[in-house]
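Engineer: This structure is in structure tokens; I'll ask about it shortly.
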Amino acid sequence: MPVPLALAPMAGVTDLPFRLLARECGADLTITEFTSSAGLSRDQANSWMKLESDPRESPFIPQIFGGDKAEMVASVEMLQERADIIDLNFGCPAPGITKNCAGAALMGEPDHLIEIVSACIQASSVPITAKLRMGTVYIENNIVELAPRLEELGVM
């Protein structure tokens with residue numbers, strides 16, 4: 001069985017036109033650029049615009065980030081009606097993201113990360129995936145310990 005070709009999400013790059021172009025060029029999966037769960041849960045228009053989709057983009061996979069469990073769960077609940085899969089970003093090392101204990105910073109708080117993922121899975125009727133990082137200058141590389149814990153929770 002051939003391995004699917006996926007377009008990785010990238011902030012400021014993977015907007016809808018780019019994702020559709022990637023599909024036309026052979027990508028099997030595309031993922032939106034990461035979107036703040038705080039912005040989504042507060043109904044900010046600029047956050048929702050990042051999640052614009054089109055019927056040609058199937059499966060539709062939005063990616064969200066955040067460090068607040070309630071905001072992440074609220075975003076998952078709002079997205080599951082239109083998403084086929086929801087991807088949680090725990091890999092972004094940008095200082096503007098990590099200073100709020102989101103993105104890769106959550107890998108340095110593994111129990112908090114697990115708590116967020118568990119709550120998101122419980123709230124979701126669609127599969128949940130997670131983007132992790134092998135390590136950054138901010139945290140030690142703990143992906144080997146985190147990955148089995150996430151798998152046990154049901155992360156795809």
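Labeling convention for the structure tokens: chains A, B, ... as they appear, residues from 1 per chain, ligands from 1 in order of appearance.
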Which neighbours of Leu106 (chain A) fall inside 12 Å, counting only C-alpha atoms, when residues of the same chain fewer than 3 positions from it are skipped, and could you give them as a ChimeraX atom specification?

Structural biologist: /A:65-69,88-93,97-103,109-117,130-133,135-136,138-140,142-143,146

Engineer: Take the selection from the previous step and output its residues with N, CA, C and O atoms, as a compact mmCIF listing (two decimals), in the first residue's frame.

Structural biologist:
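Generated output (result_35.txt):
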```txt
# COMPACT_ATOMS: atom_id res chain seq x y z
N PHE A 65 -3.80 25.17 18.09
CA PHE A 65 -2.82 25.17 19.17
C PHE A 65 -3.36 25.98 20.33
O PHE A 65 -4.25 26.81 20.17
N GLY A 66 -2.80 25.74 21.49
CA GLY A 66 -3.16 26.49 22.68
C GLY A 66 -2.70 25.75 23.92
O GLY A 66 -2.44 24.55 23.87
N GLY A 67 -2.65 26.46 25.01
CA GLY A 67 -2.22 25.87 26.27
C GLY A 67 -3.33 25.77 27.29
O GLY A 67 -3.12 25.24 28.38
N ASP A 68 -4.50 26.28 26.95
CA ASP A 68 -5.63 26.26 27.87
C ASP A 68 -6.57 25.12 27.47
O ASP A 68 -7.11 25.11 26.36
N LYS A 69 -6.76 24.19 28.38
CA LYS A 69 -7.56 23.00 28.07
C LYS A 69 -8.99 23.37 27.66
O LYS A 69 -9.51 22.83 26.67
N LEU A 88 -3.67 18.58 16.63
CA LEU A 88 -3.25 19.44 17.73
C LEU A 88 -1.76 19.72 17.60
O LEU A 88 -0.96 18.80 17.50
N ASN A 89 -1.39 21.00 17.61
CA ASN A 89 0.01 21.39 17.41
C ASN A 89 0.71 21.53 18.76
O ASN A 89 0.42 22.44 19.53
N PHE A 90 1.65 20.63 19.00
CA PHE A 90 2.54 20.71 20.15
C PHE A 90 3.98 20.77 19.67
O PHE A 90 4.89 20.32 20.35
N GLY A 91 4.18 21.35 18.49
CA GLY A 91 5.51 21.36 17.91
C GLY A 91 6.10 22.72 17.62
O GLY A 91 7.29 22.84 17.40
N CYS A 92 5.28 23.77 17.63
CA CYS A 92 5.78 25.09 17.25
C CYS A 92 6.75 25.63 18.30
O CYS A 92 6.38 25.81 19.46
N PRO A 93 8.01 25.95 17.90
CA PRO A 93 8.98 26.48 18.86
C PRO A 93 9.06 28.00 18.89
O PRO A 93 9.91 28.56 19.58
N ILE A 97 4.67 31.78 20.75
CA ILE A 97 3.76 30.68 21.09
C ILE A 97 4.20 30.04 22.40
O ILE A 97 3.38 29.82 23.29
N THR A 98 5.48 29.75 22.53
CA THR A 98 5.96 29.04 23.72
C THR A 98 5.89 29.89 24.98
O THR A 98 5.75 29.34 26.08
N LYS A 99 5.92 31.22 24.85
CA LYS A 99 5.85 32.07 26.06
C LYS A 99 4.51 31.91 26.77
O LYS A 99 4.39 32.20 27.96
N ASN A 100 3.50 31.43 26.05
CA ASN A 100 2.17 31.19 26.63
C ASN A 100 1.94 29.72 26.95
O ASN A 100 0.79 29.29 27.08
N CYS A 101 3.02 28.97 27.06
CA CYS A 101 2.97 27.52 27.33
C CYS A 101 2.05 26.81 26.33
O CYS A 101 1.17 26.04 26.69
N ALA A 102 2.28 27.10 25.05
CA ALA A 102 1.58 26.43 23.97
C ALA A 102 2.63 25.90 22.99
O ALA A 102 3.83 26.14 23.18
N GLY A 103 2.19 25.21 21.96
CA GLY A 103 3.14 24.66 20.99
C GLY A 103 4.13 23.74 21.66
O GLY A 103 3.79 22.94 22.54
N GLU A 109 5.85 20.18 29.54
CA GLU A 109 4.83 19.97 30.57
C GLU A 109 4.01 18.74 30.16
O GLU A 109 2.82 18.85 29.85
N PRO A 110 4.63 17.56 30.12
CA PRO A 110 3.97 16.39 29.53
C PRO A 110 2.63 16.02 30.17
O PRO A 110 1.71 15.62 29.46
N ASP A 111 2.49 16.17 31.47
CA ASP A 111 1.22 15.81 32.10
C ASP A 111 0.11 16.78 31.67
O ASP A 111 -1.03 16.36 31.45
N HIS A 112 0.44 18.06 31.53
CA HIS A 112 -0.53 19.04 31.05
C HIS A 112 -0.90 18.76 29.60
O HIS A 112 -2.08 18.81 29.23
N LEU A 113 0.09 18.43 28.78
CA LEU A 113 -0.16 18.08 27.38
C LEU A 113 -1.11 16.88 27.30
O LEU A 113 -2.09 16.91 26.56
N ILE A 114 -0.85 15.85 28.09
CA ILE A 114 -1.69 14.65 28.10
C ILE A 114 -3.11 14.99 28.55
O ILE A 114 -4.09 14.49 27.99
N GLU A 115 -3.23 15.85 29.54
CA GLU A 115 -4.55 16.27 30.04
C GLU A 115 -5.34 16.98 28.93
O GLU A 115 -6.53 16.72 28.74
N ILE A 116 -4.68 17.85 28.18
CA ILE A 116 -5.34 18.56 27.08
C ILE A 116 -5.78 17.57 26.01
O ILE A 116 -6.92 17.61 25.54
N VAL A 117 -4.89 16.69 25.61
CA VAL A 117 -5.21 15.73 24.55
C VAL A 117 -6.35 14.81 24.99
O VAL A 117 -7.29 14.56 24.22
N ALA A 130 -1.69 14.53 16.60
CA ALA A 130 -0.86 15.49 17.31
C ALA A 130 0.46 15.68 16.59
O ALA A 130 1.09 14.70 16.17
N LYS A 131 0.85 16.93 16.45
CA LYS A 131 2.16 17.27 15.88
C LYS A 131 3.10 17.53 17.05
O LYS A 131 2.84 18.37 17.90
N LEU A 132 4.19 16.77 17.10
CA LEU A 132 5.19 16.91 18.14
C LEU A 132 6.53 17.26 17.50
O LEU A 132 6.69 17.18 16.29
N ARG A 133 7.47 17.61 18.31
CA ARG A 133 8.81 17.99 17.84
C ARG A 133 9.82 17.08 18.53
O ARG A 133 9.64 16.69 19.68
N GLY A 135 12.60 17.92 19.61
CA GLY A 135 13.23 18.67 20.68
C GLY A 135 13.52 20.08 20.21
O GLY A 135 13.55 20.36 19.02
N THR A 136 13.69 20.97 21.16
CA THR A 136 14.05 22.35 20.85
C THR A 136 15.06 22.79 21.89
O THR A 136 15.39 22.05 22.82
N TYR A 138 14.35 24.78 24.06
CA TYR A 138 13.56 25.07 25.25
C TYR A 138 13.32 23.84 26.12
O TYR A 138 13.10 23.97 27.32
N ILE A 139 13.29 22.67 25.52
CA ILE A 139 12.94 21.46 26.26
C ILE A 139 13.86 20.32 25.86
O ILE A 139 14.45 20.33 24.78
N GLU A 140 13.96 19.32 26.73
CA GLU A 140 14.71 18.13 26.35
C GLU A 140 13.84 17.27 25.44
O GLU A 140 12.62 17.39 25.42
N ASN A 142 11.72 14.58 24.72
CA ASN A 142 10.97 13.57 25.46
C ASN A 142 9.90 12.90 24.60
O ASN A 142 8.98 12.30 25.11
N ILE A 143 10.07 12.99 23.29
CA ILE A 143 9.06 12.42 22.39
C ILE A 143 8.93 10.91 22.57
O ILE A 143 7.84 10.36 22.43
N LEU A 146 6.55 10.56 25.39
CA LEU A 146 5.23 11.12 25.12
C LEU A 146 4.44 10.31 24.08
O LEU A 146 3.24 10.12 24.23
```

Engineer: From a DSSP pass on the backbone, collect the residues of region 15-105 of chain A flagged as alpha helix (DSSP H) and hand them back as JSON, numbers by chain.

Structural biologist: {"A": [16, 17, 18, 19, 20, 21, 22, 23, 24, 37, 38, 39, 40, 41, 45, 46, 47, 48, 49, 69, 70, 71, 72, 73, 74, 75, 76, 77, 78, 79, 95, 96, 97, 98]}

Engineer: Using only C-alpha atoms, which residues sit within 12 Å of Asp87 (chain A) once same-chain residues fewer than 5 positions away are excluded, as a ChimeraX atom specification?

Structural biologist: /A:8-9,30-35,37,60-66,72,75-76,79-80,117,120-121,124,126-132,155-156

Engineer: Since we have the selection now, will you write its residues out, keeping C-alpha atoms, as a PDB file, in the first residue's frame?

Structural biologist:
```pdb
ATOM      1  CA  ALA A   8       2.717  19.744   6.313  1.00  0.00           C
ATOM      2  CA  PRO A   9       1.112  22.837   7.804  1.00  0.00           C
ATOM      3  CA  THR A  30      -3.353  18.834   3.501  1.00  0.00           C
ATOM      4  CA  ILE A  31      -3.516  20.495   6.907  1.00  0.00           C
ATOM      5  CA  THR A  32      -4.435  24.099   7.633  1.00  0.00           C
ATOM      6  CA  GLU A  33      -1.903  26.455   9.127  1.00  0.00           C
ATOM      7  CA  PHE A  34      -2.073  26.362  12.901  1.00  0.00           C
ATOM      8  CA  THR A  35      -4.859  28.387  14.415  1.00  0.00           C
ATOM      9  CA  SER A  37      -7.768  27.915  20.080  1.00  0.00           C
ATOM     10  CA  PHE A  60     -10.395  18.447   5.846  1.00  0.00           C
ATOM     11  CA  ILE A  61      -7.801  18.652   8.638  1.00  0.00           C
ATOM     12  CA  PRO A  62      -7.644  21.852  10.683  1.00  0.00           C
ATOM     13  CA  GLN A  63      -4.727  22.321  13.079  1.00  0.00           C
ATOM     14  CA  ILE A  64      -5.152  24.149  16.377  1.00  0.00           C
ATOM     15  CA  PHE A  65      -2.817  25.168  19.166  1.00  0.00           C
ATOM     16  CA  GLY A  66      -3.157  26.488  22.676  1.00  0.00           C
ATOM     17  CA  MET A  72      -8.737  23.625  23.133  1.00  0.00           C
ATOM     18  CA  SER A  75     -12.306  24.602  19.557  1.00  0.00           C
ATOM     19  CA  VAL A  76     -12.503  20.839  19.023  1.00  0.00           C
ATOM     20  CA  LEU A  79     -14.628  22.128  14.530  1.00  0.00           C
ATOM     21  CA  GLN A  80     -15.822  18.532  14.634  1.00  0.00           C
ATOM     22  CA  VAL A 117      -5.207  15.727  24.553  1.00  0.00           C
ATOM     23  CA  CYS A 120      -9.953  16.884  23.336  1.00  0.00           C
ATOM     24  CA  ILE A 121     -10.369  13.203  22.475  1.00  0.00           C
ATOM     25  CA  SER A 124     -14.445  14.837  19.743  1.00  0.00           C
ATOM     26  CA  VAL A 126     -13.592  12.781  14.812  1.00  0.00           C
ATOM     27  CA  PRO A 127     -10.044  11.407  15.070  1.00  0.00           C
ATOM     28  CA  ILE A 128      -7.395  13.512  16.796  1.00  0.00           C
ATOM     29  CA  THR A 129      -3.760  13.673  15.686  1.00  0.00           C
ATOM     30  CA  ALA A 130      -0.857  15.490  17.311  1.00  0.00           C
ATOM     31  CA  LYS A 131       2.157  17.271  15.880  1.00  0.00           C
ATOM     32  CA  LEU A 132       5.193  16.915  18.138  1.00  0.00           C
ATOM     33  CA  VAL A 155      -4.223   9.734  19.102  1.00  0.00           C
ATOM     34  CA  MET A 156      -3.932   8.585  15.493  1.00  0.00           C
TER      35      MET A 156
END
```

Engineer: How many Å lie between CA of Gly26 (chain A) and CA of Leu5 (chain A), rounded to one decimal?

Structural biologist: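 Going from CA of Gly26 (chain A) over to CA of Leu5 (chain A), I get 7.4 Å.
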
Engineer: Per residue of region 67-97 of chain A within 7 Å of region 40-59 of chain A, record the nearest atom pair and its distance in Å to one decimal, counting only C-alpha atoms, with rows in chain order and ascending residue number, as a Markdown table.

Structural biologist:
```
| residue | atom | partner | partner_atom | distance |
| --- | --- | --- | --- | --- |
| A:Glu71 | CA | A:Ser41 | CA | 5.9 |
| A:Ala74 | CA | A:Ser41 | CA | 6.0 |
| A:Ser75 | CA | A:Ser41 | CA | 5.7 |
| A:Asp84 | CA | A:Pro59 | CA | 5.5 |
```

Engineer: Using only N, CA and C atoms, please write the residues we just selected to a file, as a CSV table (one decimal), in the first residue's frame.

Structural biologist:
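Wrote it out as part_4.csv, contents follow:
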```csv
chain,number,residue,atom,x,y,z
A,71,GLU,N,-10.1,26.1,26.2
A,71,GLU,CA,-10.2,26.7,24.9
A,71,GLU,C,-9.9,25.6,23.8
A,74,ALA,N,-13.1,23.6,23.6
A,74,ALA,CA,-14.2,24.4,22.9
A,74,ALA,C,-13.9,24.4,21.4
A,75,SER,N,-12.6,24.6,21.0
A,75,SER,CA,-12.3,24.6,19.6
A,75,SER,C,-12.6,23.3,18.9
A,84,ASP,N,-12.7,16.4,9.3
A,84,ASP,CA,-12.6,14.9,9.2
A,84,ASP,C,-11.6,14.4,10.2
```

Engineer: From the set A:Ile86, A:Ala147, A:Met134, A:Met78, which residue has the shortest atom-to-atom contact distance to Ala104 (chain A), counting only C-alpha atoms?

Structural biologist: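 Of the candidates, the smallest distance to Ala104 (chain A) is held by A:Met134.
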
Engineer: May I have all residues of region 67-148 of chain A that DSSP, computed from the backbone, assigns to strand (DSSP E or B), given as a list in words?

Structural biologist: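 Here is the list: Ile86, Asp87, Leu88, Asn89, Ile128, Thr129, Ala130 and Lys131 of chain A.
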
Engineer: Measure the distance from CA of Glu81 (chain A) to CA of Leu29 (chain A) in Å and round it to one decimal.

Structural biologist: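 Going from CA of Glu81 (chain A) over to CA of Leu29 (chain A), I get 18.7 Å.
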
Engineer: For Arg23 (chain A), which residue out of A:Ala11, A:Ala6, A:Met1, A:Ala38 is the nearest one, using only C-alpha atoms?

Structural biologist: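 With only C-alpha atoms as the atom set, the closest residue is A:Ala6.
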
Engineer: Between A:Ala27, A:Ala70, A:Ala123, A:Ile85, which residue has the minimum interatomic distance to Val3 (chain A), considering only C-alpha atoms?

Structural biologist: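 Looking at the shortest contact to Val3 (chain A), the residue is A:Ala27.
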
Engineer: Record the distance separating CA of Asp15 (chain A) and CA of Ser125 (chain A), expressed in Å with one decimal.

Structural biologist: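 So the answer is 25.0 Å.
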